[in-house]
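Asker: Got a structure here, written out as structure tokens. Questions coming.
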Amino acid sequence: MTTTTPTTTRPTGSPASSRRPRASSIGVPLALGLVGTAVALVGSSTVSLWTDEAATVSAATRSLPELWALVQRIDAVHAAYYLVMHLWTSVAGISPFALRLPSAIAVGVSVVGVHRLLVVLGRPDAAVVGAVVAIVLPRITWMGIEARSFGPSAAFAVWATVLLVVALRRGGAGRWVGYAALLGIGTALNIYVALLAVAHAVTVVVARDVTIRRRLAWLVAAAGGGLAASPVVLLAAGQQGQLGDNRLGLVQIARGVVVNQWFLGGTPTRVTSTASPTEPWALASLGLALVGWALIVLAVVAGRRRDGRRALFALVPVLVVPTVVVVAYSLTVSPLYNPRYFTFAAPVCAALVGLGVLALRRRAARVVAVVAVVLLCVPVYASQRQVTGKSGTDWAEASAVVDRGSAPGDGVYFAPLDDGTATVVRRTTDNVEVTYPEAFEGLVDVTRRSDALDEDSLRGTSWPLGSDRSRLTEVDRLWVVEPDDPPTGLEDDEVLAREGFVRVSRWSGGMTAVEEWARP
């Protein structure tokens, strides 16, 4: 007599399906993570470094006492990241590739984190799709070539969320300690990650299957993470203007939330300019935002209908709560909003888009959705990998012009960024030299007053070109590095003509201009 055992068909995404070996094996997420890092690294050595990255170079290349003196005066919110980069650059150097490599690695770690997060949430069927979305999502590809704390803090944030989900379900002191450590380090790197704890608080409150004991354990762990990050937070609290001063209107903030925050990242246009809406990357970002938000809504609707609320309770607060808090504060108290500040939540955005794809019933529809997302990301990705992909910054090209044409003993003049008649110039184009110092080796800075180290600041100071303290008499050829529309251009030209210099050539990259002047 033959006995058959009845089989039970479980819906996709059920706890039983989360134990499938293929989805949870280490090989698949590791391969996806490596692809994520590789995709992020494209262009890392050619895209020009820009203002924020100049700050990283200026801070990271100091000695530890000098770095401590800096963060006591300014930029304390970045103190932990500067310390990490100090250690890294002492080994790897300050080439654009070396500076950005930690962020590219963080992209890979974040991609693996997205995969693991969906697995522990009982959705291994969406894990690969979510990771693929993370690989191409513009905010994540942007953070991969940004030598700032956004990439590392995103990696810490997604893995803190993974540990939260596991600890709420299984408990364990080790998991809570790990959660506290990840939250604390992430907050120390990027103070906005503190908002992740607020989002996690919502998750802990709304989750129905969490015991009081584990809710209290989360509270203790979150407090521990906050305590670990408190030295950076307290140091930054005494400094003004450390979190930005973006006075944006409601329409600008809405565009930032809907498009820029996740589906655009940086742009190749100058901060002070408005991009043409017909640019391929601009059109693609709008289309991507439309598709992305539609898939997120679909994920939420499908999650409410099926046994997917646990995933929604973990993901939606991370996507929504930090943005709501900062936007509300910016509109009612003081401006704090900037789309890039929410980079730490980008992996969760990718996870929700992945869930939205899997919510489509037909396999063909899922394939079309993934292909659409990837194709819409391509123009944005290409725009980020232009030489001038960082807000139009052209310092790599400008420094190359000087490097090709100059000789040891030539002079260099970094022109002011602001107009006025100040006797001491505090903002010039000298960040070009900070980021590409090799191009200026052996040149005489004819207006240098003090170095950044002397000021315990990210910038040094200069004398006006017409000052009797300038060193124009020491050089016969001068390289002028100035804004493309220099505020002191006419005055500087008059000074140089008086001193017997004649303009030989001029190169313009759109943001920066380089002029060669020489005595006949």
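Ligands are numbered from 1 in the order shown, residues from 1 within each chain, and chains are lettered A, B, ... in the order they appear in the structure tokens.
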Hey, could you make a per-residue contact list for region 279-321 of chain A against region 159-169 of chain A with 12 Å as the cut-off, showing the nearest pair of atoms and its distance in Å to one decimal, counting only C-alpha atoms, sorted by chain and number, as a Markdown table?
Answerer:
| residue | atom | partner | partner_atom | distance |
| --- | --- | --- | --- | --- |
| A:Arg310 | CA | A:Val165 | CA | 9.1 |
| A:Ala311 | CA | A:Val165 | CA | 9.2 |
| A:Leu312 | CA | A:Val165 | CA | 11.6 |
| A:Phe313 | CA | A:Val165 | CA | 10.0 |
| A:Ala314 | CA | A:Val165 | CA | 7.3 |
| A:Leu315 | CA | A:Thr161 | CA | 8.7 |
| A:Val316 | CA | A:Thr161 | CA | 11.8 |
| A:Pro317 | CA | A:Thr161 | CA | 11.1 |
| A:Val318 | CA | A:Thr161 | CA | 8.9 |
| A:Leu319 | CA | A:Thr161 | CA | 12.0 |
Asker: Listing only residues of region 331-449 of chain A within 10 Å of region 126-140 of chain A, what is the closest atom pair and its distance in Å (to one decimal) for each, using only C-alpha atoms, sorted by chain and residue number ascending, as a Markdown table?
Answerer:
| residue | atom | partner | partner_atom | distance |
| --- | --- | --- | --- | --- |
| A:Pro339 | CA | A:Arg139 | CA | 9.3 |
| A:Arg340 | CA | A:Arg139 | CA | 7.8 |
| A:Phe342 | CA | A:Arg139 | CA | 9.4 |
| A:Thr343 | CA | A:Arg139 | CA | 6.7 |
| A:Phe344 | CA | A:Ile140 | CA | 9.3 |
| A:Ala345 | CA | A:Arg139 | CA | 9.8 |
| A:Ala346 | CA | A:Ile140 | CA | 6.6 |
| A:Pro347 | CA | A:Ala134 | CA | 6.1 |
| A:Val348 | CA | A:Ala134 | CA | 8.8 |
| A:Cys349 | CA | A:Ala134 | CA | 8.2 |
| A:Ala350 | CA | A:Ala134 | CA | 5.0 |
| A:Ala351 | CA | A:Gly130 | CA | 4.6 |
| A:Leu352 | CA | A:Gly130 | CA | 7.3 |
| A:Val353 | CA | A:Gly130 | CA | 6.7 |
| A:Gly354 | CA | A:Gly130 | CA | 4.0 |
| A:Leu355 | CA | A:Ala126 | CA | 5.7 |
| A:Gly356 | CA | A:Ala126 | CA | 8.8 |
| A:Val357 | CA | A:Val129 | CA | 7.7 |
| A:Leu358 | CA | A:Ala126 | CA | 6.1 |
| A:Ala359 | CA | A:Ala126 | CA | 9.2 |
| A:Arg366 | CA | A:Val129 | CA | 9.5 |
| A:Val367 | CA | A:Val129 | CA | 10.0 |
| A:Val370 | CA | A:Val129 | CA | 7.6 |
| A:Val373 | CA | A:Val133 | CA | 7.5 |
| A:Val374 | CA | A:Val136 | CA | 6.5 |
| A:Leu375 | CA | A:Val136 | CA | 9.4 |
| A:Leu376 | CA | A:Val136 | CA | 9.5 |
| A:Cys377 | CA | A:Val136 | CA | 6.3 |
| A:Val378 | CA | A:Val136 | CA | 8.0 |
| A:Pro379 | CA | A:Pro138 | CA | 9.8 |
| A:Val380 | CA | A:Pro138 | CA | 6.6 |
| A:Tyr381 | CA | A:Pro138 | CA | 6.5 |
| A:Gln384 | CA | A:Pro138 | CA | 8.6 |
Asker: Extract, using only C-alpha atoms, all DNA, RNA and protein residues at most 8 Å from Val39 (chain A), discarding same-chain residues fewer than 3 positions from it, and format them as a ChimeraX atom specification.
Answerer: /A:35-36,42,135,141
Asker: Keeping only C-alpha atoms, write the selected residues to a file as a compact mmCIF listing (two decimals), in the first residue's frame.
Answerer:
# COMPACT_ATOMS: atom_id res chain seq x y z
CA VAL A 35 28.81 44.37 -8.56
CA GLY A 36 27.52 47.32 -6.53
CA VAL A 42 33.25 53.73 -12.42
CA ILE A 135 23.01 48.88 -7.30
CA THR A 141 25.47 55.45 -7.15
Asker: Compile the contact shell of Ala407 (chain A) as a list of chain:residue names: residues with an atom at most 10 Å away, counting only C-alpha atoms, same-chain residues fewer than 4 positions apart removed.
Answerer: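 These residues fall inside the cut-off: A:Val402, A:Asp403, A:Gly411, A:Phe440, A:Glu441, A:Gly442, A:Leu443, A:Arg477.
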Asker: Just checking: using only C-alpha atoms, which residue out of A:Tyr413, A:Trp262, A:Phe156, A:Tyr436 ends up closest to Ala400 (chain A)?
Answerer: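 Residue with the minimum atom-to-atom distance to Ala400 (chain A): A:Tyr436.
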Asker: Run DSSP on the backbone of this structure and report the residues of region 277-484 of chain A it assigns to strand (DSSP E or B), as a PDB file with C-alpha atoms, in the first residue's frame.
Answerer:
ATOM      1  CA  GLY A 411      53.384  82.306  -9.785  1.00  0.00           C
ATOM      2  CA  VAL A 412      49.796  81.326  -9.089  1.00  0.00           C
ATOM      3  CA  TYR A 413      46.959  83.563  -8.002  1.00  0.00           C
ATOM      4  CA  PHE A 414      43.765  82.106  -6.549  1.00  0.00           C
ATOM      5  CA  PRO A 416      38.376  85.690  -4.632  1.00  0.00           C
ATOM      6  CA  VAL A 425      40.302  87.523   1.488  1.00  0.00           C
ATOM      7  CA  THR A 428      39.249  81.980  -2.966  1.00  0.00           C
ATOM      8  CA  VAL A 444      54.613  80.650  -5.835  1.00  0.00           C
ATOM      9  CA  ASP A 445      51.253  81.658  -4.344  1.00  0.00           C
ATOM     10  CA  ARG A 448      48.921  83.757   0.334  1.00  0.00           C
ATOM     11  CA  ARG A 449      48.505  85.291   3.796  1.00  0.00           C
ATOM     12  CA  SER A 450      47.989  82.201   5.965  1.00  0.00           C
ATOM     13  CA  THR A 461      43.463  83.477   3.873  1.00  0.00           C
ATOM     14  CA  SER A 462      44.916  85.691   1.151  1.00  0.00           C
ATOM     15  CA  ARG A 477      54.771  84.352 -15.357  1.00  0.00           C
ATOM     16  CA  LEU A 478      51.517  84.042 -13.429  1.00  0.00           C
ATOM     17  CA  TRP A 479      48.680  81.501 -13.537  1.00  0.00           C
ATOM     18  CA  VAL A 480      45.369  83.030 -12.501  1.00  0.00           C
ATOM     19  CA  VAL A 481      42.780  80.547 -11.238  1.00  0.00           C
ATOM     20  CA  GLU A 482      39.480  82.375 -10.969  1.00  0.00           C
ATOM     21  CA  PRO A 483      35.715  81.845 -11.145  1.00  0.00           C
TER      22      PRO A 483
END
Asker: DSSP on the backbone: which residues in region 359-505 of chain A end up as helix (DSSP H, G or I)? Give the answer as number ranges by chain.
Answerer: A: 359, 363-384, 395-405, 431-435, 437-440, 452-455, 472-474, 489-498
Asker: What's the 9 Å shell around region 500-513 of chain A, counting only C-alpha atoms, without same-chain residues fewer than 4 positions away, as a list in words?
Answerer: Arg270, Thr388, Gly392, Thr393, Asp394, Trp395, Glu397, Ala398, Val401, Thr429, Asp476, Arg477, Leu478, Val480, Val481, Glu482, Pro483, Asp484, Asp485, Pro486, Asp493, Val495, Leu496, Trp517, Ala518, Arg519 and Pro520 of chain A
Asker: Taking only C-alpha atoms into account, which of A:Trp218, A:Tyr329, A:Trp142, A:Phe97 comes nearest Lys390 (chain A)?
Answerer: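 Of A:Trp218, A:Tyr329, A:Trp142, A:Phe97, the one nearest Lys390 (chain A), counting only C-alpha atoms, is A:Trp142.
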Asker: Do you know which residues are at most 8 Å from Pro96 (chain A) counting only C-alpha atoms, after dropping those on the same chain fewer than 5 positions away, and could you put them as a ChimeraX atom specification?
Answerer: /A:44-46,48-49
Asker: What does the distance from CA of Gly33 (chain A) to CA of Ser103 (chain A) come to in Å, to one decimal?
Answerer: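 So the two atoms, CA of Gly33 (chain A) and CA of Ser103 (chain A), lie 12.8 Å apart.
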Asker: Return the single residue from A:Glu516, A:Glu146, A:Glu499, A:Glu438 that is closest to Thr56 (chain A), with distances computed using only C-alpha atoms.
Answerer: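 Distance minimum relative to Thr56 (chain A) lands on A:Glu146.
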Asker: As a PyMOL selection string, please: the residues near region 451-456 of chain A (cut-off 9 Å, only C-alpha atoms, same-chain neighbours under 4 positions excluded).
Answerer: chain A and resi 58+62+66-67+69-74+460-462
Asker: Could you take the residues named above and write them with C-alpha atoms, as a PDB file, in the first residue's frame?
Answerer:
ATOM      1  CA  SER A  58      41.877  69.502   4.028  1.00  0.00           C
ATOM      2  CA  ARG A  62      46.330  67.022   9.047  1.00  0.00           C
ATOM      3  CA  GLU A  66      45.791  69.625  14.044  1.00  0.00           C
ATOM      4  CA  LEU A  67      42.588  67.711  13.278  1.00  0.00           C
ATOM      5  CA  ALA A  69      42.103  71.782  16.769  1.00  0.00           C
ATOM      6  CA  LEU A  70      40.007  71.998  13.586  1.00  0.00           C
ATOM      7  CA  VAL A  71      36.935  70.133  14.860  1.00  0.00           C
ATOM      8  CA  GLN A  72      36.930  72.128  18.080  1.00  0.00           C
ATOM      9  CA  ARG A  73      36.374  75.201  15.937  1.00  0.00           C
ATOM     10  CA  ILE A  74      34.396  73.954  12.937  1.00  0.00           C
ATOM     11  CA  GLY A 460      43.552  79.751   4.558  1.00  0.00           C
ATOM     12  CA  THR A 461      43.463  83.477   3.873  1.00  0.00           C
ATOM     13  CA  SER A 462      44.916  85.691   1.151  1.00  0.00           C
TER      14      SER A 462
END
Asker: With only C-alpha atoms counted and 7 Å as the cut-off, give the residues of region 5-123 of chain A in contact with region 185-204 of chain A, each with its shortest interatomic distance in Å and the pair that gives it, as JSON lines.
Answerer:
{"residue": "A:Val77", "atom": "CA", "partner": "A:Ile191", "partner_atom": "CA", "distance": 6.6}
{"residue": "A:His78", "atom": "CA", "partner": "A:Leu189", "partner_atom": "CA", "distance": 6.4}
{"residue": "A:Ala80", "atom": "CA", "partner": "A:Leu189", "partner_atom": "CA", "distance": 5.5}
{"residue": "A:Tyr81", "atom": "CA", "partner": "A:Leu189", "partner_atom": "CA", "distance": 5.3}
Asker: Would you write out those residues with N, CA and C atoms, as a PDB file, in the first residue's frame?
Answerer:
ATOM      1  N   VAL A  77      30.641  67.976  13.312  1.00  0.00           N
ATOM      2  CA  VAL A  77      29.712  66.926  12.882  1.00  0.00           C
ATOM      3  C   VAL A  77      30.390  65.881  12.004  1.00  0.00           C
ATOM      4  N   HIS A  78      31.520  66.254  11.423  1.00  0.00           N
ATOM      5  CA  HIS A  78      32.242  65.315  10.557  1.00  0.00           C
ATOM      6  C   HIS A  78      33.505  64.771  11.224  1.00  0.00           C
ATOM      7  N   ALA A  80      34.257  62.297  13.278  1.00  0.00           N
ATOM      8  CA  ALA A  80      34.516  60.853  13.221  1.00  0.00           C
ATOM      9  C   ALA A  80      34.920  60.438  11.807  1.00  0.00           C
ATOM     10  N   TYR A  81      34.241  60.976  10.813  1.00  0.00           N
ATOM     11  CA  TYR A  81      34.588  60.633   9.432  1.00  0.00           C
ATOM     12  C   TYR A  81      35.977  61.142   9.084  1.00  0.00           C
TER      13      TYR A  81
END
